[in-house]
Structure formats: structure tokens, C-alpha cells
$ cat start11.txt   # compact mmCIF, C-alpha atoms and all ligand atoms
# COMPACT_ATOMS: atom_id res chain seq x y z
CA MET A 1 15.51 7.87 -11.31
CA ALA A 2 15.31 8.45 -7.53
CA SER A 3 17.55 6.79 -4.94
CA THR A 4 16.58 3.33 -3.71
CA SER A 5 19.38 2.86 -1.21
CA ASN A 6 17.40 3.49 1.96
CA ASP A 7 17.69 0.54 4.36
CA ARG A 8 14.61 1.70 6.41
CA ARG A 9 16.33 1.12 9.73
CA GLY A 10 14.36 4.01 11.24
CA TRP A 11 11.10 2.27 10.39
CA ILE A 12 12.03 -1.32 11.18
CA LEU A 13 13.80 -0.63 14.48
CA GLY A 14 11.90 2.48 15.61
CA GLY A 15 13.07 4.52 18.62
CA ASP A 16 16.23 6.49 17.89
CA ALA A 17 17.33 4.29 14.99
CA GLN A 18 18.35 6.24 11.89
CA CYS A 19 18.35 5.04 8.29
CA GLU A 20 21.93 4.37 7.31
CA ASP A 21 21.87 5.79 3.80
CA PRO A 22 18.65 7.65 3.03
CA GLY A 23 20.19 8.84 -0.29
CA ALA A 24 19.64 12.20 -2.00
CA LEU A 25 16.41 14.07 -1.34
CA PRO A 26 13.82 13.56 -4.09
CA ARG A 27 12.69 16.59 -6.13
CA ARG A 28 9.28 16.38 -4.51
CA THR A 29 8.25 14.79 -1.23
CA TRP A 30 5.55 12.20 -1.89
CA ARG A 31 3.29 10.92 0.88
CA LEU A 32 1.03 8.09 -0.21
CA VAL A 33 -1.00 5.25 1.27
CA LEU A 34 -1.38 1.97 -0.61
CA MET A 35 -4.59 0.07 0.08
CA GLY A 36 -5.62 -3.29 -1.34
CA ALA A 37 -6.38 -6.88 -0.45
CA PRO A 38 -3.52 -9.14 0.59
CA GLY A 39 -1.89 -10.13 -2.70
CA ALA A 40 -3.15 -7.05 -4.57
CA GLY A 41 0.48 -6.11 -5.20
CA LYS A 42 1.01 -3.37 -2.59
CA GLY A 43 4.61 -4.42 -1.86
CA THR A 44 5.52 -4.64 -5.54
CA GLN A 45 3.96 -1.26 -6.35
CA ALA A 46 5.59 0.31 -3.29
CA LYS A 47 9.02 -0.72 -4.60
CA LEU A 48 8.27 0.55 -8.12
CA LEU A 49 7.00 3.85 -6.71
CA GLN A 50 10.10 4.12 -4.53
CA SER A 51 12.40 3.82 -7.51
CA THR A 52 10.56 6.60 -9.36
CA LEU A 53 9.43 8.95 -6.59
CA GLY A 54 12.19 8.34 -4.03
CA ALA A 55 9.66 7.91 -1.21
CA CYS A 56 10.28 5.16 1.32
CA PRO A 57 8.02 2.06 1.42
CA LEU A 58 6.83 1.60 5.00
CA SER A 59 5.02 -1.67 5.66
CA THR A 60 3.42 -2.52 9.00
CA GLY A 61 3.44 -6.19 7.93
CA ASP A 62 7.25 -5.96 7.68
CA LEU A 63 7.32 -4.69 11.27
CA PHE A 64 5.40 -7.72 12.51
CA ARG A 65 7.50 -10.10 10.41
CA ALA A 66 10.69 -8.53 11.83
CA CYS A 67 9.29 -9.10 15.35
CA ALA A 68 8.37 -12.69 14.42
CA CYS A 69 12.01 -13.30 13.39
CA ALA A 70 13.16 -11.79 16.70
CA MET A 71 10.80 -14.18 18.49
CA ASP A 72 12.71 -17.13 17.02
CA ASP A 73 16.04 -15.74 18.23
CA PRO A 74 16.63 -16.31 21.99
CA ALA A 75 18.90 -13.24 22.24
CA GLN A 76 16.20 -10.89 20.93
CA CYS A 77 13.10 -12.72 22.13
CA ALA A 78 13.44 -11.38 25.69
CA CYS A 79 12.97 -7.81 24.37
CA LEU A 80 9.48 -8.56 23.03
CA SER A 81 6.48 -7.73 25.19
CA ASN A 82 3.57 -10.12 25.81
CA THR A 83 1.41 -7.81 23.73
CA MET A 84 3.81 -8.26 20.84
CA PHE A 85 3.75 -12.05 21.24
CA GLU A 86 -0.03 -11.91 20.97
CA ALA A 87 0.19 -9.67 17.92
CA ILE A 88 2.56 -12.09 16.17
CA GLU A 89 0.26 -15.01 16.91
CA LYS A 90 -2.62 -13.07 15.36
CA MET A 91 -0.53 -12.35 12.29
CA ARG A 92 0.35 -16.02 11.92
CA ARG A 93 -3.33 -16.96 12.02
CA GLY A 94 -4.04 -14.33 9.36
CA GLU A 95 -6.07 -12.10 11.73
CA LEU A 96 -5.69 -8.36 11.98
CA VAL A 97 -3.60 -7.11 14.88
CA ASN A 98 -5.49 -4.81 17.32
CA ASP A 99 -5.70 -1.18 16.29
CA GLU A 100 -4.11 -0.12 19.56
CA ILE A 101 -0.88 -2.06 18.95
CA VAL A 102 -0.57 -1.12 15.29
CA CYS A 103 -1.20 2.56 16.03
CA GLN A 104 1.33 2.52 18.85
CA LEU A 105 4.00 1.04 16.56
CA VAL A 106 3.29 3.65 13.90
CA SER A 107 3.15 6.54 16.41
CA GLU A 108 6.57 5.48 17.70
CA ARG A 109 7.84 5.83 14.13
CA ALA A 110 6.15 9.17 13.43
CA GLY A 111 9.56 10.60 12.44
CA CYS A 112 9.42 8.44 9.29
CA LEU A 113 6.14 10.12 8.36
CA GLN A 114 7.73 13.54 8.65
CA CYS A 115 10.88 12.59 6.74
CA ALA A 116 11.64 14.80 3.72
CA HIS A 117 12.11 11.67 1.59
CA GLY A 118 8.39 11.02 1.92
CA PHE A 119 6.68 7.68 2.38
CA ILE A 120 4.51 5.03 0.79
CA LEU A 121 2.54 3.36 3.56
CA ASP A 122 1.81 -0.28 2.73
CA GLY A 123 -0.76 -2.10 4.87
CA PHE A 124 -1.54 0.85 7.16
CA PRO A 125 -4.15 2.12 7.78
CA ARG A 126 -6.47 -0.90 7.50
CA THR A 127 -9.35 0.44 9.60
CA VAL A 128 -11.07 3.80 9.97
CA HIS A 129 -9.68 4.10 13.49
CA GLN A 130 -6.15 3.67 12.15
CA ALA A 131 -6.87 6.19 9.39
CA ARG A 132 -7.98 8.77 11.97
CA VAL A 133 -4.85 8.15 14.04
CA LEU A 134 -2.72 8.59 10.92
CA ASP A 135 -4.47 11.89 10.15
CA ASP A 136 -3.79 13.09 13.71
CA ILE A 137 -0.09 12.16 13.47
CA LEU A 138 0.23 13.97 10.14
CA LYS A 139 -1.74 17.01 11.29
CA ASP A 140 0.49 17.39 14.35
CA ARG A 141 3.47 17.46 12.02
CA ASP A 142 1.84 19.72 9.47
CA VAL A 143 2.11 17.26 6.59
CA ALA A 144 -0.64 15.97 4.30
CA LEU A 145 -1.27 12.86 2.20
CA ASP A 146 -1.00 13.23 -1.58
CA GLY A 147 -3.41 10.35 -2.08
CA VAL A 148 -4.63 6.93 -1.01
CA VAL A 149 -4.15 4.45 -3.82
CA ASP A 150 -6.61 1.56 -3.72
CA LEU A 151 -5.35 -1.41 -5.77
CA VAL A 152 -8.55 -3.17 -6.77
CA VAL A 153 -8.36 -6.91 -7.56
CA ASN A 154 -11.16 -9.50 -7.37
CA ARG A 155 -11.18 -12.34 -4.80
CA ASP A 156 -10.34 -15.22 -7.19
CA GLU A 157 -7.30 -13.38 -8.50
CA VAL A 158 -6.14 -12.60 -4.96
CA ILE A 159 -6.33 -16.28 -3.98
CA ARG A 160 -4.36 -17.28 -7.10
CA ARG A 161 -1.67 -14.69 -6.34
CA LEU A 162 -1.33 -15.55 -2.67
CA SER A 163 -1.33 -19.32 -2.97
CA GLY A 164 1.52 -19.22 -5.52
CA ARG A 165 3.63 -16.58 -3.76
CA ARG A 166 7.06 -17.66 -2.52
CA ILE A 167 9.43 -15.49 -0.48
CA CYS A 168 13.20 -15.84 -0.15
CA SER A 169 14.00 -16.84 3.43
CA GLN A 170 17.24 -14.82 3.24
CA CYS A 171 16.71 -11.62 1.23
CA GLY A 172 12.90 -11.39 1.21
CA ALA A 173 12.62 -11.27 -2.62
CA SER A 174 9.20 -12.29 -3.85
CA PHE A 175 8.42 -14.86 -6.58
CA HIS A 176 5.31 -16.60 -7.88
CA VAL A 177 5.26 -20.23 -8.98
CA GLU A 178 3.14 -19.33 -12.04
CA PHE A 179 3.62 -15.60 -12.84
CA SER A 180 7.29 -15.01 -11.96
CA PRO A 181 8.93 -18.36 -11.18
CA PRO A 182 12.56 -18.51 -10.05
CA LYS A 183 15.11 -19.95 -12.51
CA THR A 184 15.55 -22.98 -10.23
CA LYS A 185 12.58 -24.33 -8.31
CA ASP A 186 12.53 -23.12 -4.65
CA VAL A 187 15.85 -21.23 -5.00
CA CYS A 188 16.14 -17.42 -4.95
CA ASP A 189 17.55 -15.94 -8.19
CA ASN A 190 19.26 -13.12 -6.25
CA CYS A 191 20.99 -14.84 -3.34
CA GLN A 192 20.37 -18.62 -3.77
CA GLY A 193 18.39 -18.59 -0.50
CA GLU A 194 15.57 -21.09 0.02
CA LEU A 195 12.14 -19.97 -1.16
CA ILE A 196 9.37 -20.51 1.35
CA GLN A 197 5.65 -19.87 1.61
CA ARG A 198 4.76 -17.21 4.18
CA GLN A 199 2.90 -18.76 7.07
CA ASP A 200 0.00 -16.38 6.48
CA ASP A 201 -0.13 -17.35 2.77
CA GLN A 202 -1.18 -20.90 3.73
CA PRO A 203 -4.79 -21.60 2.64
CA GLU A 204 -6.35 -21.45 6.16
CA SER A 205 -4.72 -18.10 6.92
CA VAL A 206 -5.56 -16.67 3.49
CA ALA A 207 -9.27 -17.29 4.08
CA VAL A 208 -9.08 -15.48 7.46
CA ARG A 209 -7.06 -12.60 6.00
CA LEU A 210 -9.51 -12.06 3.16
CA GLU A 211 -12.43 -12.09 5.54
CA ALA A 212 -10.72 -9.53 7.78
CA TYR A 213 -9.92 -7.40 4.77
CA GLU A 214 -13.41 -7.48 3.31
CA GLU A 215 -14.93 -6.55 6.64
CA SER A 216 -12.80 -3.44 7.13
CA VAL A 217 -12.22 -2.17 3.61
CA GLU A 218 -15.54 -0.57 2.70
CA PRO A 219 -15.68 1.83 5.66
CA LEU A 220 -12.04 2.73 5.00
CA ARG A 221 -12.73 3.38 1.31
CA ASN A 222 -15.67 5.59 2.27
CA PHE A 223 -13.57 7.49 4.79
CA TYR A 224 -11.01 8.40 2.12
CA ARG A 225 -13.64 8.89 -0.60
CA GLU A 226 -15.51 11.40 1.55
CA THR A 227 -12.32 13.35 2.15
CA ASN A 228 -11.47 13.24 -1.58
CA ARG A 229 -8.24 11.31 -1.16
CA LEU A 230 -9.16 7.93 -2.67
CA VAL A 231 -7.52 6.99 -5.97
CA GLU A 232 -8.95 3.71 -7.33
CA VAL A 233 -6.76 1.70 -9.68
CA ASP A 234 -7.69 -1.53 -11.48
CA ALA A 235 -4.79 -3.75 -10.40
CA ALA A 236 -5.73 -6.90 -12.33
CA ALA A 237 -2.79 -6.57 -14.73
CA ALA A 238 0.98 -7.12 -14.85
CA PRO A 239 2.96 -5.05 -12.28
CA GLY A 240 4.47 -2.70 -14.92
CA GLU A 241 1.04 -1.88 -16.33
CA VAL A 242 -0.48 -1.34 -12.88
CA PHE A 243 2.42 0.96 -12.03
CA LEU A 244 1.72 3.12 -15.10
CA ARG A 245 -1.94 3.33 -14.09
CA VAL A 246 -0.98 4.36 -10.54
CA MET A 247 1.46 7.02 -11.74
CA ASP A 248 -1.06 8.40 -14.19
CA LYS A 249 -3.67 8.82 -11.47
CA ILE A 250 -1.44 10.25 -8.75
CA LEU A 251 0.35 12.70 -11.07
CA GLY A 252 -3.04 13.86 -12.27
CA ARG A 253 -3.95 14.81 -8.68
CA VAL A 254 -1.00 17.10 -8.08
CA PRO A 255 -1.44 20.57 -9.64
CA GLU A 256 2.28 21.37 -10.07
CA MET A 257 2.70 18.19 -12.15
CA ALA A 258 0.14 19.38 -14.67
CA SER A 259 2.25 22.37 -15.78
P1 LIG B 301 0.74 -7.49 5.26
O1 LIG B 301 2.17 -7.80 4.97
O2 LIG B 301 0.42 -6.03 5.11
O3 LIG B 301 -0.22 -8.38 4.52
O4 LIG B 301 0.51 -7.78 6.83
C1 LIG B 301 0.71 -9.06 7.37
C2 LIG B 301 -0.08 -9.20 8.66
O5 LIG B 301 0.38 -8.25 9.62
C3 LIG B 301 -1.57 -8.94 8.55
O6 LIG B 301 -2.30 -10.08 8.08
C4 LIG B 301 -1.91 -8.58 9.99
O7 LIG B 301 -1.93 -9.73 10.81
C5 LIG B 301 -0.71 -7.75 10.40
N1 LIG B 301 -0.90 -6.32 10.07
C6 LIG B 301 -0.12 -5.57 9.25
N2 LIG B 301 -0.57 -4.32 9.18
C7 LIG B 301 -1.68 -4.25 9.93
C8 LIG B 301 -2.62 -3.23 10.23
N3 LIG B 301 -2.51 -2.00 9.72
N4 LIG B 301 -3.66 -3.54 11.07
C9 LIG B 301 -3.79 -4.77 11.61
N5 LIG B 301 -2.95 -5.79 11.34
C10 LIG B 301 -1.90 -5.55 10.52
$ encode --input "start11.txt" --output "C-alpha cells"
Amino acid sequence: MASTSNDRRGWILGGDAQCEDPGALPRRTWRLVLMGAPGAGKGTQAKLLQSTLGACPLSTGDLFRACACAMDDPAQCACLSNTMFEAIEKMRRGELVNDEIVCQLVSERAGCLQCAHGFILDGFPRTVHQARVLDDILKDRDVALDGVVDLVVNRDEVIRRLSGRRICSQCGASFHVEFSPPKTKDVCDNCQGELIQRQDDQPESVAVRLEAYEESVEPLRNFYRETNRLVEVDAAAAPGEVFLRVMDKILGRVPEMAS
């Protein structure tokens, strides 16, 4: 089993920040993108893939949520630009943040994309423009994607998953009121923190997020399909089963794994 100790400081803080304990190098460097509607299970699969492949889950949503927390803290708030304030407001309404801002944040963290531990991008790219920027960043660093995993789930299932999702306000652990409830209602099993509903999981935001997703996903799928990098996985199943499906498909793409 690969190391899971990486705290992702390099990704969350950007700039010169270094991950505190990246752990041992994995046997193979995996570089994957996870696509899928909000609630398709990208975050859950990213963690499962991390524990098996050793690659680091890198979520652009986490970057915006970290900035949103900084916005509520007067000491850190002054460091945020007006552009970032606007981006956070968009996130809270469930809208997509402008390509320019997202691409800038990712470009500033290009070191994470070159890291020998590899990466599992979660929530980026979401548009063809972002996908082209990612290709440019990778090309400049002479690294290539192993695959783009598309977790396919229908709209009704997505709404059921999102509306029941609860997140620990302290450690970020994820629960679901129906599919994986905590032992005590509204209390985190891991740290006893309060479980809350993400602002963008509220019904009004979910509708906007799904609309934004549906508008941008088909061109993105085609972009990766045409370049033979798209790996479609039926994700309407329990996380462990979906994980096996993902592993089966990505291992099948890599010639050295076949021997
Ligand atoms: P996620 O956690 O991936 O669902 O992202 C949460 C929110 O962050 C999204 O609804 C967007 O507002 C914003 N966001 C994250 N990644 C991107 C992206 N690649 N492009 C545009 N907006 C993004």
C-alpha cells in the first residue's frame, strides 16, 4: 500500500510552500485527471486512488474552500485579492470560477504537477480552455497524463448524493445522511466536530452547479476522447466497487502493467 501521509501544503498554499511529509516515492508515478458531476464521487475516488497508487489528490475546489476560510479570518483576509473575493462568491453561488483565475492558481502550483509522487487532479480541468492550459503546463515539463477518468452518474443520483452530503467542519471528513451516516447525528465519527452542509450543496446552488457542469462537460469529454485519453467508468455503485472499476480501466491502459 502506498503512503498517504502527504499534507498537500505545496498545493493548498502554493508559492514556495513544500509538503511536509510527502512520504516514500511510489513504484510508478501516476498522473490522472478525475472528471464527473458534482457528487459523482471524485473526492472519494481520489483518496482511494491515493492509498493504492501513492499519487497526490489535488482539488481546485479545496483551493477555493481554503480561500473561503481565509476570508472569514480577519488576519488572513487582507491577503486575498478582489479577484479572489469574486471567485469565492461565485463558488458559493454554485457557479464556475472564471477560467483565467483557475488556470492562474494551477499554473502557480505547476511544481505539484511535476512532482515524482504524481497527482490525481480532482475538479480541474472543467472546460476545454482549462484542459488546453493543463496540456501546455505538462508539455513544458515533459510529463504526460496516464488517463482522464470520467465518473459517470445520472442527474437524479447526483442530486440524491449532494443533498444528503455532510462535511465535518473541523477535519473535512465526508458523510451522507442515507448512505454513510455518522454514528451520532451531525457529529463527526473521527474528531467529534460538527457536521455541516456545504454552502454549495444547498438546493439552489446544486441546481446552478449541475447546469454549469452539463454545459461544459460534453466538449471536455470530446476533447479527451479525440486525444484517446478518456476512460469512462459507470460510477453508480458503492465507492469500493467504483474504485475496482477505475483501477481495472486505468491499469489496462498502461502497457507495463499488462506484463
Ligand atoms: P468542487 O469541490 O470541485 O465541486 O468545486 C467547488 C467549486 O469550486 C465549484 O462549484 C466552482 O465554483 C469552483 N471550482 C473548482 N474547480 C473549478 C474549475 N476547474 N473551474 C471553475 N470553477 C471551479
$ residues_near_ligand --input "start11.txt" --ligand "ligand LIG 301 (chain B)" --cutoff "9 Å" --atoms "all atoms listed in the file" --output "NGL selection string"
:A and (37-39 or 42-43 or 59-65 or 87-99 or 101-103 or 122-127 or 130 or 200 or 205-206 or 208-210 or 212-213)
$ write_last_selection --input "start11.txt" --atoms "C-alpha atoms" --output "CSV table (one decimal), in the coordinates of the input"
chain,number,residue,atom,x,y,z
A,37,ALA,CA,-6.4,-6.9,-0.4
A,38,PRO,CA,-3.5,-9.1,0.6
A,39,GLY,CA,-1.9,-10.1,-2.7
A,42,LYS,CA,1.0,-3.4,-2.6
A,43,GLY,CA,4.6,-4.4,-1.9
A,59,SER,CA,5.0,-1.7,5.7
A,60,THR,CA,3.4,-2.5,9.0
A,61,GLY,CA,3.4,-6.2,7.9
A,62,ASP,CA,7.2,-6.0,7.7
A,63,LEU,CA,7.3,-4.7,11.3
A,64,PHE,CA,5.4,-7.7,12.5
A,65,ARG,CA,7.5,-10.1,10.4
A,87,ALA,CA,0.2,-9.7,17.9
A,88,ILE,CA,2.6,-12.1,16.2
A,89,GLU,CA,0.3,-15.0,16.9
A,90,LYS,CA,-2.6,-13.1,15.4
A,91,MET,CA,-0.5,-12.4,12.3
A,92,ARG,CA,0.4,-16.0,11.9
A,93,ARG,CA,-3.3,-17.0,12.0
A,94,GLY,CA,-4.0,-14.3,9.4
A,95,GLU,CA,-6.1,-12.1,11.7
A,96,LEU,CA,-5.7,-8.4,12.0
A,97,VAL,CA,-3.6,-7.1,14.9
A,98,ASN,CA,-5.5,-4.8,17.3
A,99,ASP,CA,-5.7,-1.2,16.3
A,101,ILE,CA,-0.9,-2.1,19.0
A,102,VAL,CA,-0.6,-1.1,15.3
A,103,CYS,CA,-1.2,2.6,16.0
A,122,ASP,CA,1.8,-0.3,2.7
A,123,GLY,CA,-0.8,-2.1,4.9
A,124,PHE,CA,-1.5,0.8,7.2
A,125,PRO,CA,-4.2,2.1,7.8
A,126,ARG,CA,-6.5,-0.9,7.5
A,127,THR,CA,-9.4,0.4,9.6
A,130,GLN,CA,-6.2,3.7,12.2
A,200,ASP,CA,0.0,-16.4,6.5
A,205,SER,CA,-4.7,-18.1,6.9
A,206,VAL,CA,-5.6,-16.7,3.5
A,208,VAL,CA,-9.1,-15.5,7.5
A,209,ARG,CA,-7.1,-12.6,6.0
A,210,LEU,CA,-9.5,-12.1,3.2
A,212,ALA,CA,-10.7,-9.5,7.8
A,213,TYR,CA,-9.9,-7.4,4.8
$ atom_distance --input "start11.txt" --atom1 "CA of Gly172 in chain A" --atom2 "CA of Ala70 in chain A"
15.5 Å
$ residues_near_point --input "start11.txt" --point "(12.9, 10.0, 5.5)" --cutoff "9 Å" --atoms "only C-alpha atoms" --output "JSON, numbers by chain"
{"A": [6, 8, 10, 19, 22, 25, 55, 56, 111, 112, 113, 114, 115, 116, 117, 118, 119]}
$ write_last_selection --input "start11.txt" --atoms "C-alpha atoms" --output "compact mmCIF listing (two decimals), in the frame of the given file"
# COMPACT_ATOMS: atom_id res chain seq x y z
CA ASN A 6 17.40 3.49 1.96
CA ARG A 8 14.61 1.70 6.41
CA GLY A 10 14.36 4.01 11.24
CA CYS A 19 18.35 5.04 8.29
CA PRO A 22 18.65 7.65 3.03
CA LEU A 25 16.41 14.07 -1.34
CA ALA A 55 9.66 7.91 -1.21
CA CYS A 56 10.28 5.16 1.32
CA GLY A 111 9.56 10.60 12.44
CA CYS A 112 9.42 8.44 9.29
CA LEU A 113 6.14 10.12 8.36
CA GLN A 114 7.73 13.54 8.65
CA CYS A 115 10.88 12.59 6.74
CA ALA A 116 11.64 14.80 3.72
CA HIS A 117 12.11 11.67 1.59
CA GLY A 118 8.39 11.02 1.92
CA PHE A 119 6.68 7.68 2.38
$ atom_distance --input "start11.txt" --atom1 "CA of Asp72 in chain A" --atom2 "CA of Pro57 in chain A"
25.2 Å
$ closest_residue --input "start11.txt" --among "A:Ser180, A:Thr52, A:Gln18, A:Ser81" --to "Pro239 in chain A" --atoms "all atoms listed in the file"
A:Ser180
$ atom_distance --input "start11.txt" --atom1 "CA of Pro182 in chain A" --atom2 "CA of Arg161 in chain A"
15.2 Å
$ closest_residue --input "start11.txt" --among "A:Ala24, A:Leu48, A:Met71, A:Leu34" --to "Gly240 in chain A" --atoms "all atoms listed in the file"
A:Leu48
$ residues_around --input "start11.txt" --residues "Val148 in chain A" --least-positions-apart "5" --cutoff "12 Å" --atoms "all atoms listed in the file" --output "PyMOL selection string"
chain A and resi 30-36+42+119-126+131+220-225+227-233+246+249-250+253
$ residues_around --input "start11.txt" --residues "Asp201 in chain A" --least-positions-apart "6" --cutoff "8 Å" --atoms "all atoms listed in the file" --output "PDB file with C-alpha atoms, in the frame of the given file"
ATOM      1  CA  LEU A 162      -1.330 -15.550  -2.670  1.00  0.00           C
ATOM      2  CA  SER A 163      -1.330 -19.320  -2.970  1.00  0.00           C
ATOM      3  CA  ARG A 165       3.630 -16.580  -3.760  1.00  0.00           C
TER       4      ARG A 165
END
$ closest_residue --input "start11.txt" --among "A:Cys69, A:Val149, A:Val106, A:Ile137" --to "Leu251 in chain A" --atoms "only C-alpha atoms"
A:Val149
$ decode --input "start11.txt" --residues "range 31-41 of chain A" --atoms "all heavy atoms" --output "compact mmCIF listing (two decimals), in the first residue's frame"
# COMPACT_ATOMS: atom_id res chain seq x y z
N ARG A 31 -0.26 9.96 -13.14
CA ARG A 31 -0.78 11.31 -13.37
C ARG A 31 -2.16 11.18 -14.02
O ARG A 31 -2.27 10.81 -15.19
CB ARG A 31 0.17 12.11 -14.25
CG ARG A 31 1.53 12.30 -13.56
CD ARG A 31 2.44 13.23 -14.30
NE ARG A 31 3.63 13.51 -13.52
CZ ARG A 31 4.80 12.92 -13.71
NH1 ARG A 31 4.96 12.04 -14.66
NH2 ARG A 31 5.82 13.24 -12.94
N LEU A 32 -3.17 11.46 -13.21
CA LEU A 32 -4.55 11.23 -13.65
C LEU A 32 -5.40 12.47 -13.45
O LEU A 32 -5.12 13.30 -12.57
CB LEU A 32 -5.18 10.10 -12.81
CG LEU A 32 -4.52 8.72 -12.91
CD1 LEU A 32 -5.08 7.80 -11.82
CD2 LEU A 32 -4.76 8.11 -14.28
N VAL A 33 -6.46 12.56 -14.26
CA VAL A 33 -7.50 13.58 -14.04
C VAL A 33 -8.79 12.84 -13.72
O VAL A 33 -9.10 11.83 -14.35
CB VAL A 33 -7.71 14.43 -15.32
CG1 VAL A 33 -8.98 15.26 -15.22
CG2 VAL A 33 -6.51 15.35 -15.56
N LEU A 34 -9.52 13.33 -12.72
CA LEU A 34 -10.84 12.78 -12.42
C LEU A 34 -11.89 13.77 -12.86
O LEU A 34 -11.89 14.91 -12.42
CB LEU A 34 -11.00 12.56 -10.91
CG LEU A 34 -10.37 11.32 -10.29
CD1 LEU A 34 -10.73 11.23 -8.82
CD2 LEU A 34 -10.80 10.06 -11.01
N MET A 35 -12.76 13.33 -13.75
CA MET A 35 -13.89 14.16 -14.20
C MET A 35 -15.17 13.57 -13.63
O MET A 35 -15.22 12.41 -13.30
CB MET A 35 -14.03 14.06 -15.72
CG MET A 35 -13.23 15.01 -16.53
SD MET A 35 -13.52 14.64 -18.29
CE MET A 35 -15.24 15.08 -18.52
N GLY A 36 -16.22 14.37 -13.58
CA GLY A 36 -17.51 13.85 -13.13
C GLY A 36 -18.33 14.97 -12.54
O GLY A 36 -17.78 15.97 -12.06
N ALA A 37 -19.64 14.78 -12.53
CA ALA A 37 -20.53 15.80 -11.99
C ALA A 37 -20.21 16.02 -10.51
O ALA A 37 -19.64 15.13 -9.87
CB ALA A 37 -21.97 15.33 -12.14
N PRO A 38 -20.62 17.17 -9.96
CA PRO A 38 -20.51 17.33 -8.51
C PRO A 38 -21.26 16.16 -7.87
O PRO A 38 -22.35 15.81 -8.33
CB PRO A 38 -21.26 18.65 -8.23
CG PRO A 38 -21.44 19.32 -9.54
CD PRO A 38 -21.32 18.30 -10.62
N GLY A 39 -20.66 15.53 -6.88
CA GLY A 39 -21.33 14.41 -6.22
C GLY A 39 -21.10 13.07 -6.91
O GLY A 39 -21.58 12.04 -6.44
N ALA A 40 -20.33 13.05 -7.98
CA ALA A 40 -20.07 11.77 -8.68
C ALA A 40 -19.11 10.89 -7.87
O ALA A 40 -18.98 9.70 -8.14
CB ALA A 40 -19.51 12.02 -10.07
N GLY A 41 -18.44 11.50 -6.89
CA GLY A 41 -17.54 10.71 -6.04
C GLY A 41 -16.07 10.95 -6.36
O GLY A 41 -15.23 10.11 -6.04
